[in-house]
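Trainee: This is protein.cif (mmCIF, C-alpha atoms).
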data_my_file
loop_
_atom_site.group_PDB
_atom_site.id
_atom_site.type_symbol
_atom_site.label_atom_id
_atom_site.label_comp_id
_atom_site.auth_asym_id
_atom_site.auth_seq_id
_atom_site.Cartn_x
_atom_site.Cartn_y
_atom_site.Cartn_z
ATOM 1 C CA MET A 4 0.000 0.000 0.000
ATOM 2 C CA SER A 5 2.808 2.376 0.725
ATOM 3 C CA ASN A 6 4.247 1.991 -2.760
ATOM 4 C CA VAL A 7 0.899 2.544 -4.388
ATOM 5 C CA GLU A 8 0.251 5.666 -2.365
ATOM 6 C CA SER A 9 3.678 6.999 -3.109
ATOM 7 C CA ASN A 10 3.057 6.563 -6.835
ATOM 8 C CA TYR A 11 -0.468 8.020 -6.680
ATOM 9 C CA TYR A 12 0.227 11.351 -4.911
ATOM 10 C CA PRO A 13 2.674 12.780 -7.480
ATOM 11 C CA SER A 14 0.196 12.146 -10.245
ATOM 12 C CA ILE A 15 -2.511 13.948 -8.322
ATOM 13 C CA VAL A 16 -0.266 16.964 -7.763
ATOM 14 C CA LEU A 17 0.614 17.069 -11.435
ATOM 15 C CA TYR A 18 -3.045 16.910 -12.424
ATOM 16 C CA VAL A 19 -3.970 19.748 -10.086
ATOM 17 C CA THR A 20 -1.145 21.876 -11.446
ATOM 18 C CA ILE A 21 -2.255 21.308 -15.026
ATOM 19 C CA LEU A 22 -5.856 22.244 -14.142
ATOM 20 C CA SER A 23 -4.748 25.469 -12.453
ATOM 21 C CA ILE A 24 -2.660 26.453 -15.473
ATOM 22 C CA VAL A 25 -5.595 25.786 -17.810
ATOM 23 C CA ASN A 26 -7.941 27.864 -15.640
ATOM 24 C CA ILE A 27 -5.492 30.749 -15.504
ATOM 25 C CA GLY A 28 -5.110 30.736 -19.302
ATOM 26 C CA THR A 29 -8.851 30.652 -19.758
ATOM 27 C CA MET A 30 -9.340 33.611 -17.414
ATOM 28 C CA SER A 31 -6.675 35.666 -19.196
ATOM 29 C CA VAL A 32 -8.236 34.878 -22.539
ATOM 30 C CA ASN A 33 -11.641 35.902 -21.225
ATOM 31 C CA ARG A 34 -10.227 39.141 -19.840
ATOM 32 C CA GLN A 35 -8.511 39.944 -23.109
ATOM 33 C CA SER A 36 -11.659 39.255 -25.048
ATOM 34 C CA THR A 37 -13.678 41.387 -22.637
ATOM 35 C CA SER A 38 -11.250 44.334 -22.901
ATOM 36 C CA PHE A 39 -11.162 43.960 -26.653
ATOM 37 C CA ASN A 40 -14.938 43.965 -26.830
ATOM 38 C CA SER A 41 -15.179 47.064 -24.584
ATOM 39 C CA SER A 42 -12.587 48.966 -26.636
ATOM 40 C CA GLU A 43 -14.359 47.971 -29.800
ATOM 41 C CA ILE A 44 -17.690 49.158 -28.397
ATOM 42 C CA SER A 45 -16.177 52.487 -27.266
ATOM 43 C CA SER A 46 -14.536 53.033 -30.655
ATOM 44 C CA GLN A 47 -17.821 52.250 -32.369
ATOM 45 C CA SER A 48 -19.649 54.749 -30.129
ATOM 46 C CA GLU A 49 -16.990 57.379 -30.795
ATOM 47 C CA ASN A 50 -17.246 56.802 -34.504
ATOM 48 C CA THR A 51 -21.016 57.087 -34.252
ATOM 49 C CA GLU A 52 -20.740 60.368 -32.307
ATOM 50 C CA ASN A 53 -18.176 61.763 -34.757
ATOM 51 C CA ALA A 54 -20.401 60.828 -37.653
ATOM 52 C CA ASP A 55 -23.411 62.546 -36.035
ATOM 53 C CA THR A 56 -21.369 65.660 -35.258
ATOM 54 C CA PHE A 57 -20.027 65.739 -38.799
ATOM 55 C CA LYS A 58 -23.529 65.414 -40.195
ATOM 56 C CA ILE A 59 -24.816 68.238 -38.005
ATOM 57 C CA LYS A 60 -21.907 70.499 -38.981
ATOM 58 C CA ASN A 61 -22.528 69.826 -42.666
ATOM 59 C CA TYR A 62 -26.238 70.441 -42.219
ATOM 60 C CA VAL A 63 -25.601 73.739 -40.446
ATOM 61 C CA LYS A 64 -23.147 74.915 -43.099
ATOM 62 C CA ASP A 65 -25.445 73.912 -45.952
ATOM 63 C CA SER A 66 -28.487 75.592 -44.383
ATOM 64 C CA LEU A 67 -26.689 78.927 -43.901
ATOM 65 C CA LYS A 68 -24.372 79.064 -46.887
ATOM 66 C CA SER A 69 -25.042 81.782 -49.506
ATOM 67 C CA ARG A 70 -28.073 83.190 -47.705
ATOM 68 C CA VAL A 71 -28.594 86.923 -48.231
ATOM 69 C CA PHE A 72 -30.132 89.056 -45.512
ATOM 70 C CA LEU A 73 -30.566 92.661 -44.454
ATOM 71 C CA GLY A 74 -28.791 93.811 -41.305
ATOM 72 C CA ARG A 75 -27.161 96.702 -39.534
ATOM 73 C CA TYR A 76 -23.470 96.825 -38.620
ATOM 74 C CA ILE A 77 -23.704 98.682 -35.300
ATOM 75 C CA GLU A 78 -20.450 98.352 -33.374
ATOM 76 C CA ARG A 79 -17.288 96.433 -32.530
ATOM 77 C CA ARG A 80 -17.465 94.877 -29.067
ATOM 78 C CA LEU A 81 -15.407 92.619 -26.847
ATOM 79 C CA ALA A 82 -16.911 89.149 -27.062
ATOM 80 C CA ASP A 83 -14.575 87.420 -24.588
ATOM 81 C CA LYS A 84 -11.237 88.273 -23.029
ATOM 82 C CA ASP A 85 -9.627 85.192 -24.603
ATOM 83 C CA ILE A 86 -11.352 85.564 -27.993
ATOM 84 C CA GLY A 87 -11.119 89.317 -28.487
ATOM 85 C CA TYR A 88 -13.257 91.855 -30.297
ATOM 86 C CA ARG A 89 -15.919 90.951 -32.851
ATOM 87 C CA ASP A 90 -18.104 93.008 -35.185
ATOM 88 C CA VAL A 91 -21.783 92.966 -34.219
ATOM 89 C CA VAL A 92 -24.438 92.731 -36.969
ATOM 90 C CA VAL A 93 -28.101 93.024 -35.952
ATOM 91 C CA ILE A 94 -30.439 91.187 -38.324
ATOM 92 C CA SER A 95 -33.439 93.110 -39.625
ATOM 93 C CA PRO A 96 -36.864 92.300 -38.100
ATOM 94 C CA ALA A 97 -38.080 91.490 -41.609
ATOM 95 C CA GLU A 98 -35.773 88.421 -41.728
ATOM 96 C CA VAL A 99 -38.136 86.227 -39.686
ATOM 97 C CA GLU A 100 -37.193 82.910 -41.308
ATOM 98 C CA LEU A 101 -33.466 83.505 -41.000
ATOM 99 C CA LYS A 102 -33.755 84.445 -37.329
ATOM 100 C CA ALA A 103 -35.678 81.252 -36.570
ATOM 101 C CA ASP A 104 -33.066 79.178 -38.439
ATOM 102 C CA LEU A 105 -30.207 80.850 -36.568
ATOM 103 C CA LEU A 106 -31.777 80.183 -33.176
ATOM 104 C CA ASP A 107 -32.348 76.521 -34.147
ATOM 105 C CA ILE A 108 -28.761 76.219 -35.354
ATOM 106 C CA ARG A 109 -27.456 77.733 -32.120
ATOM 107 C CA ARG A 110 -29.407 75.130 -30.127
ATOM 108 C CA LYS A 111 -27.934 72.310 -32.211
ATOM 109 C CA LEU A 112 -24.421 73.715 -31.875
ATOM 110 C CA HIS A 113 -24.804 73.826 -28.095
ATOM 111 C CA ALA A 114 -25.884 70.179 -28.227
ATOM 112 C CA ILE A 115 -22.885 68.945 -30.234
ATOM 113 C CA ALA A 116 -20.331 71.280 -28.614
ATOM 114 C CA PRO A 117 -21.355 71.949 -25.004
ATOM 115 C CA ASN A 118 -17.834 72.938 -23.962
ATOM 116 C CA ILE A 119 -17.374 75.626 -26.622
ATOM 117 C CA ARG A 120 -16.583 79.038 -25.157
ATOM 118 C CA TRP A 121 -18.363 81.300 -27.632
ATOM 119 C CA ILE A 122 -20.940 80.892 -30.409
ATOM 120 C CA GLY A 123 -21.319 83.967 -32.591
ATOM 121 C CA ILE A 124 -25.141 83.816 -32.659
ATOM 122 C CA THR A 125 -26.863 85.630 -29.796
ATOM 123 C CA GLU A 126 -29.968 87.623 -29.044
ATOM 124 C CA THR A 127 -29.970 91.411 -28.823
ATOM 125 C CA ASP A 128 -30.648 91.313 -25.082
ATOM 126 C CA ILE A 129 -26.928 90.839 -24.499
ATOM 127 C CA LEU A 130 -26.369 94.274 -26.103
ATOM 128 C CA GLY A 131 -28.853 95.986 -23.793
ATOM 129 C CA TYR A 132 -31.593 96.505 -26.419
ATOM 130 C CA HIS A 133 -35.224 96.379 -25.312
ATOM 131 C CA SER A 134 -36.451 94.945 -28.613
ATOM 132 C CA THR A 135 -35.950 91.227 -29.217
ATOM 133 C CA GLY A 136 -33.792 90.228 -32.156
ATOM 134 C CA VAL A 137 -30.814 88.197 -33.300
ATOM 135 C CA CYS A 138 -27.304 89.450 -33.868
ATOM 136 C CA LEU A 139 -24.186 87.876 -35.368
ATOM 137 C CA TRP A 140 -20.699 88.284 -33.924
ATOM 138 C CA THR A 141 -18.413 88.156 -36.939
ATOM 139 C CA GLU A 142 -15.366 89.767 -38.541
ATOM 140 C CA ILE A 143 -15.809 92.682 -40.974
ATOM 141 C CA GLU A 144 -12.931 94.590 -42.497
ATOM 142 C CA ASN A 145 -12.840 98.207 -43.721
ATOM 143 C CA GLN A 146 -16.574 98.921 -43.647
ATOM 144 C CA PRO A 147 -18.430 101.809 -41.976
ATOM 145 C CA PHE A 148 -21.225 101.373 -39.474
ATOM 146 C CA GLY A 149 -24.712 101.243 -40.930
ATOM 147 C CA PRO A 150 -27.187 99.001 -42.777
ATOM 148 C CA PHE A 151 -25.915 96.536 -45.383
ATOM 149 C CA TRP A 152 -27.001 93.672 -47.547
ATOM 150 C CA PHE A 153 -25.022 90.720 -46.162
ATOM 151 C CA GLN A 154 -24.341 87.212 -47.457
ATOM 152 C CA ILE A 155 -23.390 84.274 -45.255
ATOM 153 C CA LYS A 156 -20.291 82.569 -46.644
ATOM 154 C CA THR A 157 -19.714 79.726 -44.217
ATOM 155 C CA LEU A 158 -19.510 78.655 -40.587
ATOM 156 C CA LYS A 159 -16.053 78.386 -39.006
ATOM 157 C CA PHE A 160 -15.370 75.976 -36.134
ATOM 158 C CA ARG A 161 -12.398 77.203 -34.136
ATOM 159 C CA GLU A 162 -10.884 75.876 -30.935
ATOM 160 C CA ASP A 163 -12.924 78.063 -28.567
ATOM 161 C CA GLU A 164 -15.326 79.727 -30.941
ATOM 162 C CA ILE A 165 -17.901 79.140 -33.648
ATOM 163 C CA ILE A 166 -18.193 82.160 -35.944
ATOM 164 C CA VAL A 167 -20.506 82.964 -38.853
ATOM 165 C CA VAL A 168 -18.487 84.411 -41.710
ATOM 166 C CA VAL A 169 -20.423 87.069 -43.655
ATOM 167 C CA LYS A 170 -19.699 89.213 -46.689
ATOM 168 C CA CYS A 171 -20.859 92.810 -47.192
ATOM 169 C CA LEU A 172 -22.623 92.945 -50.542
ATOM 170 C CA ARG A 173 -23.939 96.506 -50.635
ATOM 171 C CA HIS A 174 -24.195 99.491 -48.340
ATOM 172 C CA ILE A 175 -27.722 100.872 -48.001
ATOM 173 C CA THR A 176 -28.067 104.612 -48.665
ATOM 174 C CA ASP A 177 -30.121 107.186 -46.772
ATOM 175 C CA ALA A 178 -32.615 107.417 -49.638
ATOM 176 C CA PHE A 179 -33.421 103.738 -49.261
ATOM 177 C CA LEU A 180 -33.822 104.193 -45.503
ATOM 178 C CA GLU A 181 -36.342 106.973 -46.088
ATOM 179 C CA ILE A 182 -38.332 104.816 -48.527
ATOM 180 C CA GLU A 183 -38.224 101.565 -46.535
ATOM 181 C CA PRO A 184 -37.725 102.463 -42.863
ATOM 182 C CA VAL A 185 -39.417 99.312 -41.571
ATOM 183 C CA LEU A 186 -36.729 96.998 -42.989
ATOM 184 C CA THR A 187 -33.992 98.551 -40.911
ATOM 185 C CA ASP A 188 -36.203 98.952 -37.826
ATOM 186 C CA SER A 189 -35.667 102.719 -37.934
ATOM 187 C CA ALA A 190 -39.393 103.532 -37.689
ATOM 188 C CA LYS A 191 -39.736 101.476 -34.551
ATOM 189 C CA LYS A 192 -36.648 103.079 -33.098
ATOM 190 C CA VAL A 193 -37.999 106.535 -33.899
ATOM 191 C CA MET A 194 -41.290 105.721 -32.189
ATOM 192 C CA ASP A 195 -39.546 104.250 -29.180
ATOM 193 C CA THR A 196 -37.256 107.255 -28.990
ATOM 194 C CA SER A 197 -40.157 109.713 -29.202
ATOM 195 C CA ASP A 198 -42.081 107.817 -26.512
ATOM 196 C CA LYS A 199 -39.027 107.762 -24.288
ATOM 197 C CA LYS A 200 -38.459 111.473 -24.834
ATOM 198 C CA LEU A 201 -42.101 112.208 -24.020
ATOM 199 C CA ASP A 202 -41.963 110.113 -20.856
ATOM 200 C CA CYS A 203 -38.701 111.741 -19.812
ATOM 201 C CA SER A 204 -40.108 115.227 -20.443
ATOM 202 C CA VAL A 205 -43.262 114.486 -18.422
ATOM 203 C CA ALA A 206 -41.207 113.024 -15.576
ATOM 204 C CA SER A 207 -38.838 115.998 -15.621
ATOM 205 C CA LEU A 208 -41.796 118.418 -15.574
ATOM 206 C CA ASN A 209 -43.307 116.603 -12.618
ATOM 207 C CA GLU A 210 -40.020 116.678 -10.758
ATOM 208 C CA THR A 211 -39.581 120.372 -11.559
ATOM 209 C CA TYR A 212 -43.103 121.160 -10.328
ATOM 210 C CA VAL A 213 -42.588 119.228 -7.087
ATOM 211 C CA ASP A 214 -39.222 120.921 -6.484
ATOM 212 C CA PHE A 215 -40.708 124.341 -7.242
ATOM 213 C CA MET A 216 -43.614 123.838 -4.849
ATOM 214 C CA GLY A 217 -41.276 122.615 -2.107
ATOM 215 C CA THR A 218 -39.002 125.612 -2.641
ATOM 216 C CA MET A 219 -41.935 128.032 -2.572
ATOM 217 C CA LYS A 220 -43.302 126.509 0.632
ATOM 218 C CA SER A 221 -39.942 126.845 2.316
ATOM 219 C CA PHE A 222 -39.474 130.356 0.937
ATOM 220 C CA LEU A 223 -42.906 131.816 1.789
ATOM 221 C CA SER A 224 -42.558 131.682 5.546
ATOM 222 C CA ILE A 225 -43.203 134.526 8.002
ATOM 223 C CA THR A 226 -39.544 134.892 8.926
ATOM 224 C CA ASN A 227 -38.453 134.987 5.291
ATOM 225 C CA VAL A 228 -41.134 137.596 4.446
ATOM 226 C CA LYS A 229 -40.024 139.840 7.341
ATOM 227 C CA GLU A 230 -36.388 139.540 6.310
ATOM 228 C CA PHE A 231 -37.288 140.260 2.694
ATOM 229 C CA ILE A 232 -39.236 143.454 3.632
ATOM 230 C CA THR A 233 -36.393 144.610 5.883
ATOM 231 C CA PHE A 234 -33.868 143.997 3.130
ATOM 232 C CA LEU A 235 -36.067 145.806 0.619
ATOM 233 C CA PHE A 236 -36.349 148.943 2.802
ATOM 234 C CA ALA A 237 -32.611 148.910 3.522
ATOM 235 C CA PHE A 238 -31.901 148.514 -0.185
ATOM 236 C CA VAL A 239 -34.171 151.467 -1.119
ATOM 237 C CA ILE A 240 -32.585 153.719 1.540
ATOM 238 C CA ALA A 241 -29.107 152.709 0.411
ATOM 239 C CA ILE A 242 -29.978 153.475 -3.206
ATOM 240 C CA PHE A 243 -31.444 156.895 -2.312
ATOM 241 C CA THR A 244 -28.478 157.864 -0.130
ATOM 242 C CA GLY A 245 -25.959 156.641 -2.643
ATOM 243 C CA SER A 246 -27.674 158.399 -5.545
ATOM 244 C CA THR A 247 -27.771 161.707 -3.570
ATOM 245 C CA SER A 248 -24.088 161.474 -2.767
ATOM 246 C CA PHE A 249 -23.294 160.549 -6.335
ATOM 247 C CA VAL A 250 -25.240 163.514 -7.762
ATOM 248 C CA ASN A 251 -23.522 165.896 -5.319
ATOM 249 C CA PHE A 252 -20.100 164.531 -6.203
ATOM 250 C CA LEU A 253 -20.892 164.616 -9.923
ATOM 251 C CA GLY A 254 -22.021 168.284 -9.722
ATOM 252 C CA ASN A 255 -18.885 169.365 -7.899
ATOM 253 C CA PHE A 256 -16.733 167.472 -10.331
ATOM 254 C CA ILE A 257 -18.423 169.055 -13.349
ATOM 255 C CA LEU A 258 -18.101 172.579 -11.913
ATOM 256 C CA ALA A 259 -14.415 172.090 -11.143
ATOM 257 C CA LEU A 260 -13.865 170.638 -14.589
ATOM 258 C CA LEU A 261 -15.557 173.605 -16.296
ATOM 259 C CA ARG A 262 -13.480 176.061 -14.254
ATOM 260 C CA GLU A 263 -10.236 174.365 -15.150
ATOM 261 C CA ILE A 264 -11.227 174.184 -18.805
ATOM 262 C CA SER A 265 -12.019 177.943 -18.880
ATOM 263 C CA ILE A 266 -8.657 178.761 -17.307
ATOM 264 C CA LEU A 267 -6.927 176.520 -19.855
ATOM 265 C CA ILE A 268 -8.702 178.182 -22.767
ATOM 266 C CA LYS A 269 -7.963 181.689 -21.436
ATOM 267 C CA ASN A 270 -4.267 181.002 -21.011
ATOM 268 C CA SER A 271 -3.798 179.029 -24.205
ATOM 269 C CA THR A 272 -5.680 181.412 -26.563
ATOM 270 C CA PRO A 273 -2.769 183.921 -27.087
ATOM 271 C CA MET A 274 -0.334 181.123 -27.568
ATOM 272 C CA PHE A 275 -2.662 179.475 -30.047
ATOM 273 C CA LEU A 276 -3.174 182.728 -31.987
ATOM 274 C CA GLY A 277 0.592 183.408 -32.100
ATOM 275 C CA LEU A 278 1.221 179.857 -33.293
ATOM 276 C CA LEU A 279 -1.460 180.263 -35.948
ATOM 277 C CA ASP A 280 0.080 183.581 -37.126
ATOM 278 C CA PHE A 281 3.503 181.962 -37.227
ATOM 279 C CA PHE A 282 2.296 179.122 -39.426
ATOM 280 C CA SER A 283 0.363 181.519 -41.660
ATOM 281 C CA LYS A 284 3.507 183.586 -42.207
ATOM 282 C CA ILE A 285 5.491 180.467 -42.982
ATOM 283 C CA VAL A 286 2.908 179.351 -45.533
ATOM 284 C CA GLY A 287 2.605 182.848 -47.036
ATOM 285 C CA GLY A 288 6.362 183.234 -47.324
ATOM 286 C CA PHE A 289 6.572 179.826 -48.973
ATOM 287 C CA TYR A 290 3.991 180.830 -51.564
ATOM 288 C CA ILE A 291 5.822 184.183 -52.189
ATOM 289 C CA LEU A 292 9.071 182.274 -52.625
ATOM 290 C CA LEU A 293 7.460 180.009 -55.189
ATOM 291 C CA ALA A 294 6.040 183.021 -57.007
ATOM 292 C CA MET A 295 9.425 184.714 -57.166
ATOM 293 C CA LEU A 296 11.077 181.517 -58.427
ATOM 294 C CA PHE A 297 8.631 181.036 -61.261
ATOM 295 C CA LYS A 298 8.279 184.765 -62.232
ATOM 296 C CA GLN A 299 9.329 185.548 -65.882
ATOM 297 C CA ASN A 300 11.886 188.431 -66.443
ATOM 298 C CA VAL A 301 10.270 189.882 -69.639
ATOM 299 C CA PRO A 302 10.616 193.672 -70.439
ATOM 300 C CA ILE A 303 7.420 195.636 -70.428
ATOM 301 C CA PRO A 304 6.461 196.608 -74.048
ATOM 302 C CA THR A 305 6.098 200.340 -74.720
ATOM 303 C CA ASP A 306 3.093 201.777 -76.479
ATOM 304 C CA LYS A 307 4.297 203.925 -79.394
ATOM 305 C CA ARG A 308 0.956 205.594 -79.844
ATOM 306 C CA SER A 309 1.029 207.088 -76.385
ATOM 307 C CA VAL A 310 2.997 210.320 -75.822
ATOM 308 C CA PRO A 311 5.266 210.477 -72.845
ATOM 309 C CA TYR A 312 4.502 212.984 -70.187
ATOM 310 C CA HIS A 313 7.695 214.985 -70.411
ATOM 311 C CA ASP A 314 7.237 215.505 -74.192
ATOM 312 C CA ARG A 315 3.781 216.884 -73.649
ATOM 313 C CA SER A 316 5.059 219.234 -70.979
ATOM 314 C CA ARG A 317 7.779 220.575 -73.235
ATOM 315 C CA ARG A 318 5.363 221.180 -76.042
ATOM 316 C CA SER A 319 3.016 223.002 -73.784
ATOM 317 C CA HIS A 320 5.799 225.261 -72.437
ATOM 318 C CA TYR A 321 6.969 225.945 -75.952
ATOM 319 C CA ARG A 322 3.555 227.032 -77.079
ATOM 320 C CA TYR A 323 3.170 229.208 -74.051
ATOM 321 C CA ASP A 324 6.448 231.012 -74.680
ATOM 322 C CA ASN A 325 5.614 231.607 -78.319
ATOM 323 C CA GLN A 326 2.378 233.310 -77.395
ATOM 324 C CA PHE A 327 4.172 235.897 -75.292
ATOM 325 C CA ASP A 328 6.676 236.560 -77.973
#
I need this file expressed as structure tokens, please.
Mentor:
Amino acid sequence: MSNVESNYYPSIVLYVTILSIVNIGTMSVNRQSTSFNSSEISSQSENTENADTFKIKNYVKDSLKSRVFLGRYIERRLADKDIGYRDVVVISPAEVELKADLLDIRRKLHAIAPNIRWIGITETDILGYHSTGVCLWTEIENQPFGPFWFQIKTLKFREDEIIVVVKCLRHITDAFLEIEPVLTDSAKKVMDTSDKKLDCSVASLNETYVDFMGTMKSFLSITNVKEFITFLFAFVIAIFTGSTSFVNFLGNFILALLREISILIKNSTPMFLGLLDFFSKIVGGFYILLAMLFKQNVPIPTDKRSVPYHDRSRRSHYRYDNQFD
């Protein structure tokens, strides 16, 4: 029996060892197959999600591409500190279908990209406008503010941002705005502005009336009335006294001024007359000098028909002497 048992136990040990090895191999194979199946399932799910995301992106791009709309380029605003500034375009209220499509597309983009930082499709409430609308945060180069005809080119998916790329087709003139004010929402803005101005004016008038009444109540008190009457009497007396003193001073000043002026005239009259005579002599002498310079030295012509005086006297004496002879 001892020999049999000694031969039997090693065989049992060997059998148990073989069974354990087989079980371990089977478990490792099962684990490998399980991990392989899980990785395959995860890769299939990822492929399915990527395919759905790709389909949604293509659908969004196709639904917005080449669509023309009317909008107003209003400002350039900071969208996010990491993204930077973007140009804000408010879509016209007449573009009802486009606004509905943009809101639907924004909801789908949030579904496929929940971790995205910024989507360039928002409502106008974020800008502080009271009217509801849709605006696009895009990039526009070298264009002035105002209404435009825009065309959507594509939809760009960046790392932290989804942006709608638009193209400015045509700037809308003031003449078009006057003809079609409803398309650019200018009529509504004018009405809202007029209503706001009216409300502000009424409120300001009410505030002014209340302030005026409060001021008048505080002003029309017995103490203030007494002080006002006292001040009025003092002011009248001061004016009367000051005017009397002023008239007295003015009269004395005028009399003294007239006296000094008369003395000045009395003393300066001879000097003035002598100076005037001096200048008149200078001018007269100058004219005489000019006359002497330009005088012609021509001999005076004698009249042959006239008889000189001494000849006539001789003849008369001769005749008188002859008569006595």
Trainee: Give me the box for region 147-157 of chain A as JSON, namely the centre and edge lengths in Å to one decimal of a box along x, y and z that holds every listed atom plus 6 Å on each side.
Mentor:
{"center_x": -22.8, "center_y": 90.8, "center_z": -43.5, "size_x": 20.8, "size_y": 34.1, "size_z": 20.1}
Trainee: Would you compute the distance between CA of Lys170 (chain A) and CA of Thr127 (chain A)? Give it in Å to one decimal.
Mentor: 20.7 Å
Trainee: May I ask which of the residues A:Gly217, A:Gly131, A:Pro117, A:Gly149 is the closest one to Val92 (chain A), counting all atoms listed in the file?
Mentor: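 Closest candidate: A:Gly149.
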Trainee: Measure the distance from CA of Leu172 (chain A) to CA of Val71 (chain A) in Å and round it to one decimal.
Mentor: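 Interatomic distance here is 8.8 Å.
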Trainee: If you measure from CA of Arg79 (chain A) to CA of Ser66 (chain A), what distance in Å do you get, rounded to one decimal?
Mentor: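 Taking CA of Arg79 (chain A) and CA of Ser66 (chain A), their separation equals 26.5 Å.
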Trainee: Given the choices A:Gly287, A:Pro150, A:Gly136, A:Pro273, which gets closest to Leu105 (chain A) if the distance is worked out from only C-alpha atoms?
Mentor: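 Of the candidates, the smallest distance to Leu105 (chain A) is held by A:Gly136.
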Trainee: Applying the PyMOL selection byres ((chain A and resi 135) around 12) to the file I just gave you, which residues come out? Please list them as a count of residues only.
Mentor: 20
